[in-house]
Amino acid sequence: MRRSISIILVLACVLLAIRLDAFNALRLFYDHLMQRITDMPLTLPYPSPPSPAIWRTMNASDRLADVRARLLPKLHEELARHQLQLGRPAFIRIFKEERQLELWMQSTNGAWLAFRTYPIATYSGQLGPKQREGDFQAPEGFYNIVTSRLNPASNYHLAFNIGYPNAFDRHHQRNGSLIMIHGDEVSVGCFAMTDPIIEEIYLIIAAALQNGQAEVPVHSFPFRMKPERLQAAASSPWHDFWQSLRPAYDHFEKSHRLPQIITTAGHYEITP
């Protein structure tokens, strides 16, 4: 169930102001407030998670057992409706402006099919890449999830690290750590989902990795990179950076095949 904005968020911002600075704390609260006002709920067909108080007492194994027991019977049905199977390779695309996370999966015939588009409960910061630890920015670029980055014991319900900073970020001297997609609906640099949504995503990502996918790509864009939207952003200091993300976006939009992306001399390149 979605948590409403409460006094807890206000207190959290006060604590942040003590540790950081008041302006950034207020900005964080404002961003979170505006995102929640425009929240678009998504109802999934599973029993609700335990209360946060109960969840916090559960170890990682018990959490996963609980999630599997509640979700797996219906999840298999949901995937079958899309001609998909649990354990098939997965791929995530994020669009910050639209506050959407797309989950794609590869069918048995090799085609990439859209399974579901989820509303992002909240992310922190503005459009533009993450540059440094503590800047409250959610990153933009090309990342990946590997098995070691799954965290069922997260304080944010369930979580997985997307691997920021990548080679491109390090080349440009960007730093930061522990950038996650997680539950609990609160973000200080991550992409936060509702708890029911992160449970479905987590099971699909974990199953793909356990079934042999070496890494699950995560492509994080500022917005859907259509020519008219990029033109509207021509005066942004990040316009050139955003243009560098566009070839990967266009490649998948046109072919529905995953682009192979490498970093060469501080530039993203798509390899044959």
# chains A, B, ... in the order shown; residues from 1 in each chain; ligands from 1

call {"tool": "residues_around", "arguments": {"residues": "segment 224-228 of chain A", "least_positions_apart": "3", "cutoff": "9 Å", "atoms": "only C-alpha atoms", "output": "PDB file with all heavy atoms, in the first residue's frame"}}
result
ATOM      1  N   PHE A  95      13.152   6.410 -17.333  1.00  0.00           N
ATOM      2  CA  PHE A  95      12.937   7.744 -17.891  1.00  0.00           C
ATOM      3  C   PHE A  95      12.563   8.668 -16.740  1.00  0.00           C
ATOM      4  O   PHE A  95      11.474   8.565 -16.167  1.00  0.00           O
ATOM      5  CB  PHE A  95      11.839   7.705 -18.958  1.00  0.00           C
ATOM      6  CG  PHE A  95      12.162   6.780 -20.100  1.00  0.00           C
ATOM      7  CD1 PHE A  95      11.645   5.498 -20.133  1.00  0.00           C
ATOM      8  CD2 PHE A  95      13.021   7.177 -21.105  1.00  0.00           C
ATOM      9  CE1 PHE A  95      11.957   4.624 -21.159  1.00  0.00           C
ATOM     10  CE2 PHE A  95      13.342   6.321 -22.149  1.00  0.00           C
ATOM     11  CZ  PHE A  95      12.814   5.033 -22.176  1.00  0.00           C
ATOM     12  N   LYS A  96      13.481   9.555 -16.392  1.00  0.00           N
ATOM     13  CA  LYS A  96      13.313  10.365 -15.189  1.00  0.00           C
ATOM     14  C   LYS A  96      12.150  11.350 -15.328  1.00  0.00           C
ATOM     15  O   LYS A  96      11.320  11.464 -14.423  1.00  0.00           O
ATOM     16  CB  LYS A  96      14.624  11.105 -14.869  1.00  0.00           C
ATOM     17  CG  LYS A  96      15.731  10.175 -14.390  1.00  0.00           C
ATOM     18  CD  LYS A  96      17.100  10.843 -14.370  1.00  0.00           C
ATOM     19  CE  LYS A  96      17.229  11.903 -13.315  1.00  0.00           C
ATOM     20  NZ  LYS A  96      18.618  12.436 -13.245  1.00  0.00           N
ATOM     21  N   GLU A  97      12.095  12.086 -16.415  1.00  0.00           N
ATOM     22  CA  GLU A  97      11.051  13.097 -16.569  1.00  0.00           C
ATOM     23  C   GLU A  97       9.663  12.469 -16.525  1.00  0.00           C
ATOM     24  O   GLU A  97       8.746  13.011 -15.882  1.00  0.00           O
ATOM     25  CB  GLU A  97      11.240  13.848 -17.885  1.00  0.00           C
ATOM     26  CG  GLU A  97      10.266  14.995 -18.082  1.00  0.00           C
ATOM     27  CD  GLU A  97      10.641  15.832 -19.293  1.00  0.00           C
ATOM     28  OE1 GLU A  97      10.454  15.349 -20.438  1.00  0.00           O
ATOM     29  OE2 GLU A  97      11.152  16.946 -19.097  1.00  0.00           O
ATOM     30  N   GLU A  98       9.506  11.336 -17.163  1.00  0.00           N
ATOM     31  CA  GLU A  98       8.220  10.637 -17.179  1.00  0.00           C
ATOM     32  C   GLU A  98       7.991   9.832 -15.905  1.00  0.00           C
ATOM     33  O   GLU A  98       6.892   9.327 -15.682  1.00  0.00           O
ATOM     34  CB  GLU A  98       8.134   9.714 -18.392  1.00  0.00           C
ATOM     35  CG  GLU A  98       8.077  10.434 -19.725  1.00  0.00           C
ATOM     36  CD  GLU A  98       9.460  10.839 -20.268  1.00  0.00           C
ATOM     37  OE1 GLU A  98      10.470  10.638 -19.546  1.00  0.00           O
ATOM     38  OE2 GLU A  98       9.527  11.356 -21.384  1.00  0.00           O
ATOM     39  N   PHE A 221      17.711   7.307 -18.680  1.00  0.00           N
ATOM     40  CA  PHE A 221      17.628   8.472 -19.541  1.00  0.00           C
ATOM     41  C   PHE A 221      16.937   9.629 -18.815  1.00  0.00           C
ATOM     42  O   PHE A 221      16.102   9.401 -17.935  1.00  0.00           O
ATOM     43  CB  PHE A 221      16.825   8.140 -20.804  1.00  0.00           C
ATOM     44  CG  PHE A 221      17.440   7.082 -21.667  1.00  0.00           C
ATOM     45  CD1 PHE A 221      16.926   5.788 -21.673  1.00  0.00           C
ATOM     46  CD2 PHE A 221      18.521   7.366 -22.476  1.00  0.00           C
ATOM     47  CE1 PHE A 221      17.477   4.802 -22.473  1.00  0.00           C
ATOM     48  CE2 PHE A 221      19.088   6.389 -23.289  1.00  0.00           C
ATOM     49  CZ  PHE A 221      18.566   5.101 -23.283  1.00  0.00           C
ATOM     50  N   GLN A 231      15.463  18.799 -28.886  1.00  0.00           N
ATOM     51  CA  GLN A 231      15.526  20.161 -29.394  1.00  0.00           C
ATOM     52  C   GLN A 231      15.065  21.152 -28.342  1.00  0.00           C
ATOM     53  O   GLN A 231      15.645  22.232 -28.174  1.00  0.00           O
ATOM     54  CB  GLN A 231      14.665  20.289 -30.661  1.00  0.00           C
ATOM     55  CG  GLN A 231      14.643  21.680 -31.268  1.00  0.00           C
ATOM     56  CD  GLN A 231      16.021  22.173 -31.675  1.00  0.00           C
ATOM     57  OE1 GLN A 231      16.850  21.387 -32.160  1.00  0.00           O
ATOM     58  NE2 GLN A 231      16.279  23.466 -31.474  1.00  0.00           N
ATOM     59  N   ALA A 232      14.028  20.788 -27.594  1.00  0.00           N
ATOM     60  CA  ALA A 232      13.532  21.667 -26.540  1.00  0.00           C
ATOM     61  C   ALA A 232      14.569  21.852 -25.433  1.00  0.00           C
ATOM     62  O   ALA A 232      14.526  22.848 -24.705  1.00  0.00           O
ATOM     63  CB  ALA A 232      12.240  21.105 -25.956  1.00  0.00           C
ATOM     64  N   ALA A 233      15.495  20.904 -25.310  1.00  0.00           N
ATOM     65  CA  ALA A 233      16.530  20.979 -24.271  1.00  0.00           C
ATOM     66  C   ALA A 233      17.849  21.539 -24.799  1.00  0.00           C
ATOM     67  O   ALA A 233      18.887  21.410 -24.149  1.00  0.00           O
ATOM     68  CB  ALA A 233      16.772  19.580 -23.691  1.00  0.00           C
ATOM     69  N   TRP A 242      23.356  14.480 -23.217  1.00  0.00           N
ATOM     70  CA  TRP A 242      22.132  13.768 -23.577  1.00  0.00           C
ATOM     71  C   TRP A 242      22.179  13.263 -25.019  1.00  0.00           C
ATOM     72  O   TRP A 242      21.690  12.172 -25.320  1.00  0.00           O
ATOM     73  CB  TRP A 242      20.925  14.673 -23.356  1.00  0.00           C
ATOM     74  CG  TRP A 242      20.663  14.940 -21.896  1.00  0.00           C
ATOM     75  CD1 TRP A 242      21.064  14.168 -20.834  1.00  0.00           C
ATOM     76  CD2 TRP A 242      19.946  16.033 -21.339  1.00  0.00           C
ATOM     77  NE1 TRP A 242      20.640  14.720 -19.648  1.00  0.00           N
ATOM     78  CE2 TRP A 242      19.949  15.864 -19.921  1.00  0.00           C
ATOM     79  CE3 TRP A 242      19.298  17.147 -21.860  1.00  0.00           C
ATOM     80  CZ2 TRP A 242      19.336  16.764 -19.048  1.00  0.00           C
ATOM     81  CZ3 TRP A 242      18.686  18.035 -21.002  1.00  0.00           C
ATOM     82  CH2 TRP A 242      18.707  17.849 -19.608  1.00  0.00           C
ATOM     83  N   GLN A 243      22.776  14.055 -25.895  1.00  0.00           N
ATOM     84  CA  GLN A 243      22.930  13.592 -27.279  1.00  0.00           C
ATOM     85  C   GLN A 243      23.766  12.318 -27.337  1.00  0.00           C
ATOM     86  O   GLN A 243      23.537  11.449 -28.184  1.00  0.00           O
ATOM     87  CB  GLN A 243      23.574  14.683 -28.144  1.00  0.00           C
ATOM     88  CG  GLN A 243      22.674  15.854 -28.463  1.00  0.00           C
ATOM     89  CD  GLN A 243      21.703  15.558 -29.607  1.00  0.00           C
ATOM     90  OE1 GLN A 243      21.419  14.399 -29.924  1.00  0.00           O
ATOM     91  NE2 GLN A 243      21.179  16.600 -30.224  1.00  0.00           N
ATOM     92  N   LEU A 245      23.693   9.917 -25.287  1.00  0.00           N
ATOM     93  CA  LEU A 245      22.870   8.785 -24.869  1.00  0.00           C
ATOM     94  C   LEU A 245      21.902   8.339 -25.960  1.00  0.00           C
ATOM     95  O   LEU A 245      21.421   7.212 -25.949  1.00  0.00           O
ATOM     96  CB  LEU A 245      22.058   9.148 -23.621  1.00  0.00           C
ATOM     97  CG  LEU A 245      22.815   9.677 -22.398  1.00  0.00           C
ATOM     98  CD1 LEU A 245      21.829   9.961 -21.259  1.00  0.00           C
ATOM     99  CD2 LEU A 245      23.895   8.701 -21.939  1.00  0.00           C
ATOM    100  N   ARG A 246      21.653   9.242 -26.885  1.00  0.00           N
ATOM    101  CA  ARG A 246      20.594   8.991 -27.860  1.00  0.00           C
ATOM    102  C   ARG A 246      20.853   7.787 -28.770  1.00  0.00           C
ATOM    103  O   ARG A 246      19.902   7.044 -29.071  1.00  0.00           O
ATOM    104  CB  ARG A 246      20.369  10.251 -28.707  1.00  0.00           C
ATOM    105  CG  ARG A 246      19.219  10.089 -29.683  1.00  0.00           C
ATOM    106  CD  ARG A 246      18.987  11.337 -30.503  1.00  0.00           C
ATOM    107  NE  ARG A 246      17.997  11.095 -31.546  1.00  0.00           N
ATOM    108  CZ  ARG A 246      17.660  11.974 -32.482  1.00  0.00           C
ATOM    109  NH1 ARG A 246      18.224  13.174 -32.492  1.00  0.00           N
ATOM    110  NH2 ARG A 246      16.765  11.668 -33.397  1.00  0.00           N
ATOM    111  N   TYR A 249      19.501   4.692 -27.218  1.00  0.00           N
ATOM    112  CA  TYR A 249      18.041   4.760 -27.178  1.00  0.00           C
ATOM    113  C   TYR A 249      17.462   4.447 -28.554  1.00  0.00           C
ATOM    114  O   TYR A 249      16.546   3.619 -28.686  1.00  0.00           O
ATOM    115  CB  TYR A 249      17.607   6.151 -26.716  1.00  0.00           C
ATOM    116  CG  TYR A 249      16.122   6.406 -26.785  1.00  0.00           C
ATOM    117  CD1 TYR A 249      15.290   6.050 -25.721  1.00  0.00           C
ATOM    118  CD2 TYR A 249      15.539   7.001 -27.898  1.00  0.00           C
ATOM    119  CE1 TYR A 249      13.918   6.284 -25.775  1.00  0.00           C
ATOM    120  CE2 TYR A 249      14.175   7.236 -27.965  1.00  0.00           C
ATOM    121  CZ  TYR A 249      13.364   6.874 -26.904  1.00  0.00           C
ATOM    122  OH  TYR A 249      12.013   7.098 -26.965  1.00  0.00           O
ATOM    123  N   ASP A 250      17.989   5.094 -29.591  1.00  0.00           N
ATOM    124  CA  ASP A 250      17.473   4.888 -30.948  1.00  0.00           C
ATOM    125  C   ASP A 250      17.680   3.445 -31.400  1.00  0.00           C
ATOM    126  O   ASP A 250      16.810   2.869 -32.066  1.00  0.00           O
ATOM    127  CB  ASP A 250      18.170   5.838 -31.920  1.00  0.00           C
ATOM    128  CG  ASP A 250      17.717   7.281 -31.771  1.00  0.00           C
ATOM    129  OD1 ASP A 250      16.666   7.515 -31.128  1.00  0.00           O
ATOM    130  OD2 ASP A 250      18.403   8.170 -32.298  1.00  0.00           O
TER     131      ASP A 250
END

call {"tool": "closest_atom_pairs", "arguments": {"of": "segment 51-141 of chain A", "to": "segment 211-219 of chain A", "cutoff": "8 Å", "atoms": "only C-alpha atoms", "output": "CSV"}}
result
residue,atom,partner,partner_atom,distance
A:Gly87,CA,A:Asn211,CA,5.5
A:Arg88,CA,A:Asn211,CA,7.3
A:Pro89,CA,A:Gln213,CA,5.9
A:Ala90,CA,A:Val216,CA,6.0
A:Phe91,CA,A:Pro217,CA,5.3
A:Ile92,CA,A:Val218,CA,4.7
A:Arg93,CA,A:His219,CA,4.8
A:Ile94,CA,A:His219,CA,6.1
A:Glu140,CA,A:His219,CA,7.6
A:Gly141,CA,A:His219,CA,6.0

call {"tool": "residues_around", "arguments": {"residues": "His182 of chain A", "least_positions_apart": "2", "cutoff": "12 Å", "atoms": "only C-alpha atoms", "output": "PyMOL selection string"}}
result
chain A and resi 120-123+149-162+178-180+184-202

call {"tool": "closest_residue", "arguments": {"among": "A:Asn109, A:Ser148, A:Asn166, A:Thr57", "to": "Ile261 of chain A", "atoms": "only C-alpha atoms"}}
result
A:Asn166

call {"tool": "select_by_dssp", "arguments": {"residues": "segment 33-225 of chain A", "states": "helix (DSSP H, G or I)", "output": "PyMOL selection string"}}
result
chain A and resi 33-37+52-55+60-81+147-149+167-171+195-210

call {"tool": "atom_distance", "arguments": {"atom1": "atom CA of Pro165 of chain A", "atom2": "atom CA of Ser177 of chain A"}}
result
7.2 Å

call {"tool": "atom_distance", "arguments": {"atom1": "atom CA of Ser236 of chain A", "atom2": "atom CA of Ser220 of chain A"}}
result
17.8 Å

call {"tool": "select_by_dssp", "arguments": {"residues": "segment 103-167 of chain A", "states": "strand (DSSP E)", "output": "count of residues only"}}
result
24

call {"tool": "atom_distance", "arguments": {"atom1": "atom CA of Gly163 of chain A", "atom2": "atom CA of Asn144 of chain A"}}
result
5.8 Å

call {"tool": "residues_around", "arguments": {"residues": "Pro50 of chain A", "least_positions_apart": "4", "cutoff": "10 Å", "atoms": "only C-alpha atoms", "output": "VMD selection string"}}
result
chain A and resid 54 to 56 63 66 to 67 195

call {"tool": "write_last_selection", "arguments": {"atoms": "N, CA and C atoms", "output": "PDB file, in the first residue's frame"}}
result
ATOM      1  N   ILE A  54       7.089  -5.511  10.737  1.00  0.00           N
ATOM      2  CA  ILE A  54       7.365  -6.946  10.658  1.00  0.00           C
ATOM      3  C   ILE A  54       8.507  -7.222   9.686  1.00  0.00           C
ATOM      4  N   TRP A  55       8.495  -6.539   8.561  1.00  0.00           N
ATOM      5  CA  TRP A  55       9.521  -6.761   7.536  1.00  0.00           C
ATOM      6  C   TRP A  55      10.918  -6.521   8.093  1.00  0.00           C
ATOM      7  N   ARG A  56      11.080  -5.493   8.901  1.00  0.00           N
ATOM      8  CA  ARG A  56      12.405  -5.164   9.435  1.00  0.00           C
ATOM      9  C   ARG A  56      12.944  -6.246  10.358  1.00  0.00           C
ATOM     10  N   ARG A  63      12.787 -13.053   4.092  1.00  0.00           N
ATOM     11  CA  ARG A  63      12.160 -12.083   3.194  1.00  0.00           C
ATOM     12  C   ARG A  63      11.915 -12.687   1.814  1.00  0.00           C
ATOM     13  N   ASP A  66       9.219 -15.263   1.817  1.00  0.00           N
ATOM     14  CA  ASP A  66       7.906 -14.630   1.910  1.00  0.00           C
ATOM     15  C   ASP A  66       7.474 -14.057   0.566  1.00  0.00           C
ATOM     16  N   VAL A  67       8.383 -13.368  -0.116  1.00  0.00           N
ATOM     17  CA  VAL A  67       8.054 -12.765  -1.403  1.00  0.00           C
ATOM     18  C   VAL A  67       7.714 -13.841  -2.434  1.00  0.00           C
ATOM     19  N   ASP A 195       6.813  -0.754  -2.372  1.00  0.00           N
ATOM     20  CA  ASP A 195       7.259  -2.092  -1.957  1.00  0.00           C
ATOM     21  C   ASP A 195       6.674  -3.202  -2.829  1.00  0.00           C
TER      22      ASP A 195
END

call {"tool": "residues_around", "arguments": {"residues": "Glu269 of chain A", "least_positions_apart": "2", "cutoff": "12 Å", "atoms": "only C-alpha atoms", "output": "list in words"}}
result
Gly141, Phe142, Phe168, Ser244, Leu245, Arg246, Pro247, Ala248, His251, Pro259, Gln260, Ile261, Ile262, Thr263, Thr264, Ala265, Gly266, His267, Thr271 and Pro272 of chain A

call {"tool": "write_last_selection", "arguments": {"atoms": "N, CA and C atoms", "output": "tab-separated table (two decimals), in the first residue's frame"}}
result
chain	number	residue	atom	x	y	z
A	141	GLY	N	22.72	7.35	-17.70
A	141	GLY	CA	23.77	6.62	-18.40
A	141	GLY	C	23.45	5.14	-18.45
A	142	PHE	N	24.50	4.34	-18.65
A	142	PHE	CA	24.32	2.91	-18.90
A	142	PHE	C	25.02	2.10	-17.81
A	168	PHE	N	32.47	5.45	-17.84
A	168	PHE	CA	32.26	6.81	-18.34
A	168	PHE	C	32.30	7.81	-17.19
A	244	SER	N	24.73	12.19	-26.43
A	244	SER	CA	25.58	11.00	-26.43
A	244	SER	C	24.83	9.74	-25.98
A	245	LEU	N	23.69	9.92	-25.29
A	245	LEU	CA	22.87	8.78	-24.87
A	245	LEU	C	21.90	8.34	-25.96
A	246	ARG	N	21.65	9.24	-26.88
A	246	ARG	CA	20.59	8.99	-27.86
A	246	ARG	C	20.85	7.79	-28.77
A	247	PRO	N	22.09	7.54	-29.25
A	247	PRO	CA	22.27	6.38	-30.15
A	247	PRO	C	21.82	5.06	-29.54
A	248	ALA	N	22.07	4.86	-28.25
A	248	ALA	CA	21.64	3.61	-27.61
A	248	ALA	C	20.11	3.56	-27.53
A	251	HIS	N	18.83	2.88	-31.05
A	251	HIS	CA	19.13	1.51	-31.46
A	251	HIS	C	18.06	0.55	-30.96
A	259	PRO	N	21.65	-2.85	-27.42
A	259	PRO	CA	22.93	-2.34	-27.92
A	259	PRO	C	24.08	-2.76	-27.02
A	260	GLN	N	25.21	-3.05	-27.61
A	260	GLN	CA	26.43	-3.32	-26.85
A	260	GLN	C	27.17	-1.99	-26.71
A	261	ILE	N	27.31	-1.52	-25.49
A	261	ILE	CA	27.84	-0.18	-25.24
A	261	ILE	C	29.17	-0.28	-24.53
A	262	ILE	N	30.17	0.43	-25.05
A	262	ILE	CA	31.47	0.51	-24.40
A	262	ILE	C	31.82	1.98	-24.21
A	263	THR	N	32.81	2.23	-23.36
A	263	THR	CA	33.31	3.59	-23.15
A	263	THR	C	34.72	3.67	-23.73
A	264	THR	N	34.91	4.59	-24.66
A	264	THR	CA	36.22	4.79	-25.28
A	264	THR	C	36.60	6.26	-25.16
A	265	ALA	N	37.71	6.52	-24.48
A	265	ALA	CA	38.19	7.89	-24.32
A	265	ALA	C	37.11	8.82	-23.77
A	266	GLY	N	36.34	8.32	-22.83
A	266	GLY	CA	35.32	9.15	-22.19
A	266	GLY	C	34.07	9.35	-23.01
A	267	HIS	N	33.84	8.48	-24.01
A	267	HIS	CA	32.64	8.59	-24.84
A	267	HIS	C	31.95	7.23	-24.90
A	271	THR	N	28.95	-0.87	-30.11
A	271	THR	CA	29.80	-1.77	-30.89
A	271	THR	C	28.93	-2.67	-31.75
A	272	PRO	N	29.46	-3.15	-32.88
A	272	PRO	CA	28.69	-4.03	-33.78
A	272	PRO	C	28.25	-5.30	-33.05

call {"tool": "closest_residue", "arguments": {"among": "A:Phe136, A:Tyr118, A:Trp112, A:Tyr46", "to": "Glu253 of chain A", "atoms": "only C-alpha atoms"}}
result
A:Trp112
